[in-house]
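**Student:** File start_23.cif below, mmCIF, C-alpha atoms:
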```
data_work
loop_
_atom_site.label_atom_id
_atom_site.label_comp_id
_atom_site.auth_asym_id
_atom_site.auth_seq_id
_atom_site.Cartn_x
_atom_site.Cartn_y
_atom_site.Cartn_z
CA MET A 8 115.97 161.12 89.24
CA THR A 9 116.41 163.25 86.15
CA ARG A 10 115.98 166.93 86.90
CA ARG A 11 112.98 168.62 85.32
CA ARG A 12 113.72 171.28 82.71
CA VAL A 13 111.55 174.37 82.24
CA LEU A 14 111.41 176.66 79.20
CA ILE A 15 110.72 180.31 80.07
CA THR A 16 110.00 182.88 77.36
CA GLY A 17 110.73 186.53 78.05
CA ALA A 18 113.11 185.46 80.79
CA SER A 19 115.51 188.41 80.66
CA ALA A 20 113.59 190.76 82.99
CA GLY A 21 110.53 191.33 85.14
CA ILE A 22 108.20 188.47 85.97
CA GLY A 23 110.04 186.14 83.56
CA ARG A 24 113.31 186.65 85.39
CA ALA A 25 111.56 186.18 88.74
CA LEU A 26 109.98 182.94 87.53
CA ALA A 27 113.38 181.67 86.39
CA THR A 28 114.74 182.36 89.86
CA VAL A 29 111.87 180.52 91.56
CA TYR A 30 112.09 177.46 89.35
CA ALA A 31 115.87 177.29 89.71
CA ALA A 32 115.51 177.50 93.49
CA GLU A 33 112.99 174.65 93.34
CA GLY A 34 115.53 172.38 91.66
CA CYS A 35 114.70 172.76 87.96
CA ASP A 36 117.05 173.12 85.04
CA LEU A 37 116.19 175.92 82.66
CA ILE A 38 115.96 177.05 79.07
CA LEU A 39 115.93 180.84 79.06
CA THR A 40 114.84 182.65 75.95
CA ALA A 41 114.39 186.29 74.97
CA ARG A 42 115.88 188.68 72.42
CA ARG A 43 118.75 190.10 74.49
CA LYS A 44 121.82 187.93 74.93
CA GLY A 45 123.57 189.93 77.67
CA PRO A 46 120.84 189.79 80.33
CA LEU A 47 120.10 186.12 79.56
CA ASP A 48 123.75 185.08 79.85
CA ALA A 49 124.09 186.99 83.12
CA LEU A 50 120.94 185.40 84.54
CA ALA A 51 121.99 181.91 83.48
CA LYS A 52 125.38 182.37 85.16
CA GLU A 53 123.78 183.78 88.31
CA LEU A 54 121.23 180.98 88.69
CA SER A 55 123.72 178.24 87.91
CA ALA A 56 126.06 179.55 90.60
CA ALA A 57 123.32 180.05 93.18
CA HIS A 58 121.33 176.85 92.64
CA GLY A 59 123.54 174.42 90.74
CA CYS A 60 121.12 174.24 87.84
CA ASP A 61 121.88 173.78 84.16
CA ALA A 62 120.60 177.01 82.60
CA ARG A 63 120.74 177.11 78.81
CA VAL A 64 120.26 180.29 76.76
CA ILE A 65 118.53 180.27 73.38
CA LEU A 66 118.01 183.65 71.74
CA ALA A 67 114.67 184.13 70.02
CA ASP A 68 112.64 187.04 68.72
CA LEU A 69 109.14 185.64 69.12
CA GLY A 70 107.65 188.51 67.15
CA VAL A 71 109.11 187.06 63.95
CA ASP A 72 107.05 184.63 61.90
CA GLY A 73 108.25 181.05 62.41
CA ALA A 74 110.00 181.86 65.70
CA ALA A 75 108.19 179.17 67.69
CA ASP A 76 109.13 176.41 65.23
CA GLN A 77 112.75 177.59 65.24
CA LEU A 78 112.87 177.68 69.03
CA VAL A 79 111.55 174.12 69.29
CA ALA A 80 114.06 173.00 66.64
CA ASP A 81 116.93 174.63 68.57
CA ILE A 82 115.82 172.88 71.75
CA HIS A 83 115.67 169.51 70.05
CA ALA A 84 119.04 170.13 68.39
CA GLN A 85 120.58 170.35 71.87
CA GLY A 86 118.92 167.10 72.88
CA LEU A 87 116.88 168.80 75.60
CA THR A 88 113.55 167.64 77.02
CA VAL A 89 111.03 170.26 78.10
CA ASP A 90 109.07 169.26 81.20
CA GLY A 91 107.62 172.70 81.88
CA LEU A 92 106.59 175.59 79.64
CA ILE A 93 106.18 179.14 80.91
CA ASN A 94 104.66 181.43 78.29
CA ASN A 95 105.66 184.79 79.74
CA ALA A 96 106.95 186.94 76.86
CA GLY A 97 104.84 189.98 76.15
CA PHE A 98 104.55 193.72 75.68
CA SER A 99 101.88 196.33 75.09
CA ARG A 100 101.36 199.47 73.06
CA THR A 101 99.41 202.19 74.85
CA GLU A 102 99.17 204.86 72.13
CA GLY A 103 95.65 203.80 71.13
CA PHE A 104 94.44 201.43 68.43
CA LEU A 105 94.61 203.88 65.52
CA ASN A 106 97.98 205.28 66.57
CA THR A 107 99.71 201.90 66.89
CA PRO A 108 101.51 200.69 63.73
CA PRO A 109 99.93 197.54 62.26
CA ALA A 110 103.29 195.77 62.47
CA ASP A 111 103.35 196.32 66.25
CA GLN A 112 99.82 194.98 66.55
CA GLN A 113 100.73 191.87 64.58
CA ALA A 114 103.80 191.37 66.78
CA MET A 115 101.67 191.62 69.92
CA ILE A 116 99.28 188.97 68.61
CA ARG A 117 102.14 186.71 67.57
CA VAL A 118 104.21 187.01 70.77
CA MET A 119 101.38 186.74 73.30
CA LEU A 120 98.80 184.60 71.51
CA THR A 121 100.11 182.69 68.49
CA VAL A 122 103.48 181.62 69.92
CA PRO A 123 102.10 180.32 73.25
CA VAL A 124 99.60 178.21 71.33
CA GLN A 125 102.31 176.90 69.01
CA LEU A 126 104.75 176.10 71.81
CA SER A 127 102.03 174.34 73.80
CA ARG A 128 100.99 172.27 70.80
CA ALA A 129 104.60 171.29 70.12
CA LEU A 130 105.70 170.51 73.68
CA VAL A 131 102.67 169.30 75.64
CA PRO A 132 102.33 165.96 73.77
CA GLY A 133 105.74 164.92 75.10
CA MET A 134 104.69 165.89 78.62
CA VAL A 135 101.56 163.74 78.31
CA GLU A 136 103.62 160.82 77.00
CA ARG A 137 106.00 161.07 79.96
CA GLY A 138 103.16 161.56 82.46
CA PHE A 139 104.52 164.82 83.82
CA GLY A 140 104.31 168.44 82.72
CA ARG A 141 103.75 172.01 83.77
CA VAL A 142 102.29 174.82 81.65
CA LEU A 143 102.14 178.28 83.21
CA ASN A 144 100.64 180.95 80.97
CA VAL A 145 101.30 184.48 82.22
CA ALA A 146 98.07 186.31 81.41
CA SER A 147 96.95 189.45 83.27
CA LEU A 148 94.29 190.98 85.44
CA ALA A 149 93.51 192.91 82.24
CA GLY A 150 92.21 189.66 80.78
CA ARG A 151 89.56 189.54 83.50
CA MET A 152 88.45 193.15 82.99
CA PRO A 153 85.86 194.45 80.48
CA ALA A 154 88.34 196.34 78.28
CA THR A 155 91.71 198.07 78.17
CA GLY A 156 91.32 201.39 76.39
CA GLY A 157 94.54 202.79 74.95
CA ASP A 158 96.22 199.38 74.80
CA THR A 159 93.12 198.00 73.12
CA LEU A 160 94.44 194.58 72.08
CA TYR A 161 96.23 193.71 75.31
CA GLY A 162 93.19 192.76 77.39
CA PRO A 163 91.54 190.63 74.69
CA ILE A 164 94.79 188.76 74.07
CA LYS A 165 95.12 188.02 77.77
CA SER A 166 91.45 186.96 77.93
CA PHE A 167 92.19 184.46 75.18
CA MET A 168 95.13 183.10 77.15
CA ILE A 169 92.98 182.64 80.25
CA LYS A 170 90.24 180.78 78.36
CA ALA A 171 92.74 178.69 76.41
CA SER A 172 94.50 177.75 79.65
CA LEU A 173 91.22 176.71 81.26
CA GLY A 174 90.32 174.59 78.26
CA LEU A 175 93.72 172.90 78.25
CA TRP A 176 93.44 172.32 82.01
CA LEU A 177 90.23 170.42 81.38
CA GLU A 178 91.85 168.32 78.67
CA MET A 179 94.93 167.54 80.76
CA ARG A 180 93.09 166.16 83.78
CA GLY A 181 94.51 162.79 84.75
CA THR A 182 97.60 163.09 82.52
CA GLY A 183 100.07 164.47 85.08
CA VAL A 184 100.25 167.77 83.16
CA HIS A 185 99.27 170.85 85.20
CA VAL A 186 98.02 173.99 83.47
CA THR A 187 97.63 177.39 85.15
CA ALA A 188 96.82 180.90 83.95
CA LEU A 189 98.65 183.45 86.09
CA CYS A 190 96.87 186.83 86.09
CA PRO A 191 99.06 189.49 87.73
CA GLY A 192 97.63 192.87 88.51
CA TYR A 193 99.74 195.97 89.05
CA THR A 194 103.35 194.78 89.04
CA LEU A 195 105.92 197.47 88.34
CA THR A 196 108.62 195.95 86.11
CA GLU A 197 110.64 196.77 83.01
CA PHE A 198 107.39 196.10 81.09
CA HIS A 199 106.33 199.66 81.93
CA ASP A 200 109.63 201.09 80.71
CA VAL A 201 109.14 199.44 77.32
CA ASN A 202 105.65 200.87 76.79
CA GLY A 203 106.62 204.23 78.30
CA THR A 204 104.18 204.27 81.22
CA ARG A 205 106.40 203.83 84.30
CA GLU A 206 106.12 207.41 85.55
CA GLU A 207 102.40 207.58 84.80
CA VAL A 208 101.35 204.29 86.39
CA SER A 209 103.58 204.68 89.43
CA SER A 210 101.95 208.01 90.25
CA ALA A 211 98.39 207.02 89.20
CA TYR A 212 97.94 204.30 91.84
CA PRO A 213 98.90 204.06 95.53
CA ALA A 214 101.90 201.98 96.55
CA TRP A 215 99.77 199.37 98.35
CA MET A 216 98.20 198.32 95.01
CA TRP A 217 101.55 197.27 93.56
CA GLN A 218 103.10 193.82 93.87
CA THR A 219 106.65 192.67 93.25
CA ALA A 220 107.64 190.35 90.44
CA ASP A 221 109.14 187.95 93.00
CA HIS A 222 105.82 187.65 94.84
CA VAL A 223 103.86 187.13 91.62
CA ALA A 224 106.31 184.46 90.47
CA ARG A 225 106.08 182.55 93.74
CA VAL A 226 102.26 182.65 93.64
CA GLY A 227 102.35 181.35 90.06
CA TRP A 228 104.69 178.50 90.93
CA ARG A 229 102.58 177.38 93.89
CA ALA A 230 99.36 177.52 91.86
CA CYS A 231 100.83 175.50 88.99
CA GLU A 232 102.21 172.86 91.35
CA ALA A 233 98.76 172.62 92.92
CA ASN A 234 97.21 172.41 89.43
CA ARG A 235 94.97 175.42 89.97
CA PRO A 236 93.51 176.41 86.59
CA GLN A 237 93.76 180.15 87.30
CA VAL A 238 95.29 182.42 89.93
CA THR A 239 95.22 186.18 90.41
CA PRO A 240 97.68 187.38 93.07
CA GLY A 241 96.29 189.89 95.55
CA VAL A 242 92.94 190.29 97.28
CA MET A 243 92.35 193.74 95.77
CA ASN A 244 92.95 192.46 92.24
CA ASN A 245 90.39 189.70 92.73
CA LEU A 246 87.90 192.18 94.16
CA MET A 247 88.35 194.47 91.15
CA ALA A 248 87.88 191.60 88.69
CA GLY A 249 84.81 190.35 90.55
CA LEU A 250 83.28 193.80 90.70
CA ALA A 251 83.83 194.41 86.98
CA LYS A 252 82.29 191.04 86.15
CA HIS A 253 79.04 191.74 88.00
CA LEU A 254 78.55 195.41 87.14
CA PRO A 255 76.33 196.41 84.19
CA ASP A 256 78.39 196.93 81.04
CA GLY A 257 78.11 200.71 81.11
CA MET A 258 79.32 200.97 84.69
CA ALA A 259 82.10 198.45 84.16
CA LEU A 260 83.38 200.28 81.10
CA ALA A 261 83.26 203.57 82.98
CA MET A 262 85.35 202.02 85.73
CA VAL A 263 88.08 200.74 83.42
CA GLY A 264 87.89 203.90 81.34
CA GLY A 265 89.22 205.77 84.33
CA HIS A 266 92.46 203.80 84.02
CA ALA A 267 93.09 205.03 80.49
CA LYS A 268 92.28 208.61 81.49
CA ARG A 269 94.74 208.45 84.37
CA LEU A 270 97.38 207.36 81.86
CA LYS A 271 96.22 210.11 79.47
CA ARG A 272 95.74 207.57 76.68
CA ILE A 273 92.13 208.33 75.71
#
```
Any chance you could put this one into structure tokens?

**Tutor:**
Amino acid sequence: MTRRRVLITGASAGIGRALATVYAAEGCDLILTARRKGPLDALAKELSAAHGCDARVILADLGVDGAADQLVADIHAQGLTVDGLINNAGFSRTEGFLNTPPADQQAMIRVMLTVPVQLSRALVPGMVERGFGRVLNVASLAGRMPATGGDTLYGPIKSFMIKASLGLWLEMRGTGVHVTALCPGYTLTEFHDVNGTREEVSSAYPAWMWQTADHVARVGWRACEANRPQVTPGVMNNLMAGLAKHLPDGMALAMVGGHAKRLKRI
């Protein structure tokens, strides 16, 4: 049987890298994409040697207009079929809404909202036609919370991804295409180095609240294979999201406002 091939955006580090490792171990071939060639080439070589998979590297800066169309064109130019799509690429800016350059805000919206929609629209029809597909959208616990002060756009973008995933899950029932929104909570990765919060977040919360990227990736893979529409790794993360959902708005905002204060963002 032809091996399934999975496209992973933001695959060079963190949860994206962990997801690539899980899918390679489960017998999938890969298309790895991100902006940095060195880490992608090293990962492709590592996974090919360890698991015998065909791991292709396609460089893409998804923050650039037209990047999704170009990525799909590059995939088709290599004659590759995408059986699984993992929309993982993302970043945040924690300086506050008025202190974040508009160009960075537009890039956030494009990378984490526009591009996942475009890639899904381009690739899911082929999955439906073949009767098999996997779509794993890496959202966040932030998308289940009332707000994210300091990184004001991050939570709303992730909320969109959760709702869009649930809607697509409903549409894909009976087609053989599974859709899952993965909502990690506190997972210390290179993500925090990029937005400059590693030291702050690692000291603001106890060690037992943190999960590893490998654990999050494995939970995401299992949930998508089981066709669960949404999964949030960790009992505490689910308790926090449930509590925030049922508290009055003022109390819920006060609770999440403490996060921004601990990070000294607002």

**Student:** Which centre and which edge lengths, in Å to one decimal, describe the axis-aligned box that holds all listed atoms of range 67-72 of chain A after 5 Å is added on each side, as JSON?

**Tutor:**
```
{"center_x": 110.9, "center_y": 186.3, "center_z": 66.0, "size_x": 17.6, "size_y": 14.4, "size_z": 18.1}
```

**Student:** Give me, please, the distance in Å between CA of Ala32 in chain A and CA of Val89 in chain A, quoted to one decimal.

**Tutor:**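 Distance between the two atoms: 17.6 Å.
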
**Student:** Measuring atom to atom with only C-alpha atoms, identify which of A:Ala84, A:Ser127, A:Gly59, A:Asp158 is nearest to Thr107 in chain A.

**Tutor:**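 Residue with the minimum atom-to-atom distance to Thr107 in chain A: A:Asp158.
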
**Student:** Can you measure CA of Ala18 in chain A to CA of Pro46 in chain A for me? One decimal in Å is fine.

**Tutor:**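 These atoms are spaced 8.9 Å apart.
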
**Student:** Pick out the closest residue to Val79 in chain A from this set: A:Ala31, A:Ala114, A:Leu37, A:Leu130. Count only C-alpha atoms.

**Tutor:**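 Using only C-alpha atoms, Val79 in chain A sits closest to A:Leu130.
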
**Student:** Between A:Asn234, A:Gln113, A:Asn106, A:Thr40, which residue has the minimum interatomic distance to Leu189 in chain A, considering all atoms listed in the file?

**Tutor:**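 Smallest separation from Leu189 in chain A among the options: A:Asn234.
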
**Student:** Run through the PyMOL selection byres ((chain A and resi 241-245) around 10) on the given coordinates and return the selected residues as number ranges by chain.

**Tutor:** A: 148, 151, 190-193, 215-218, 222-223, 226, 238-240, 246-251

**Student:** Do you know which residues are at most 8 Å from Val186 in chain A counting only C-alpha atoms, after dropping those on the same chain fewer than 5 positions away, and could you put them as a list in words?

**Tutor:**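 Once the adjacent positions are removed, what remains is Arg141, Val142, Leu143, Asn144, Ser172, Leu173, Leu175, Trp176, Met179, Cys231, Asn234, Arg235 and Pro236 of chain A.
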
**Student:** What does the structure give for the distance between CA of Ile82 in chain A and CA of Ile65 in chain A, in Å to one decimal?

**Tutor:**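 Atom-to-atom, CA of Ile82 in chain A to CA of Ile65 in chain A, that is 8.0 Å.
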
**Student:** Can you tell me which residues surround Leu47 in chain A at a distance of at most 9 Å, considering all atoms listed in the file, apart from same-chain residues fewer than 5 positions away, and format the answer as a list in words?

**Tutor:**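 Within the cut-off, the hits are Ala18, Ser19, Ala20, Arg24, Leu39, Thr40, Ala41, Arg42, Lys52, Val64, Ile65 and Leu66 of chain A.
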
**Student:** Take the PyMOL selection byres ((chain A and resi 101) around 6), run it mentally on this structure, and tell me the resulting residues as number ranges by chain.

**Tutor:** A: 100, 102-103, 157-158

**Student:** Return the single residue from A:Tyr30, A:Phe167, A:Phe98, A:Phe139 that is closest to Ser55 in chain A, with distances computed using all atoms listed in the file.

**Tutor:**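 Residue with the minimum atom-to-atom distance to Ser55 in chain A: A:Tyr30.
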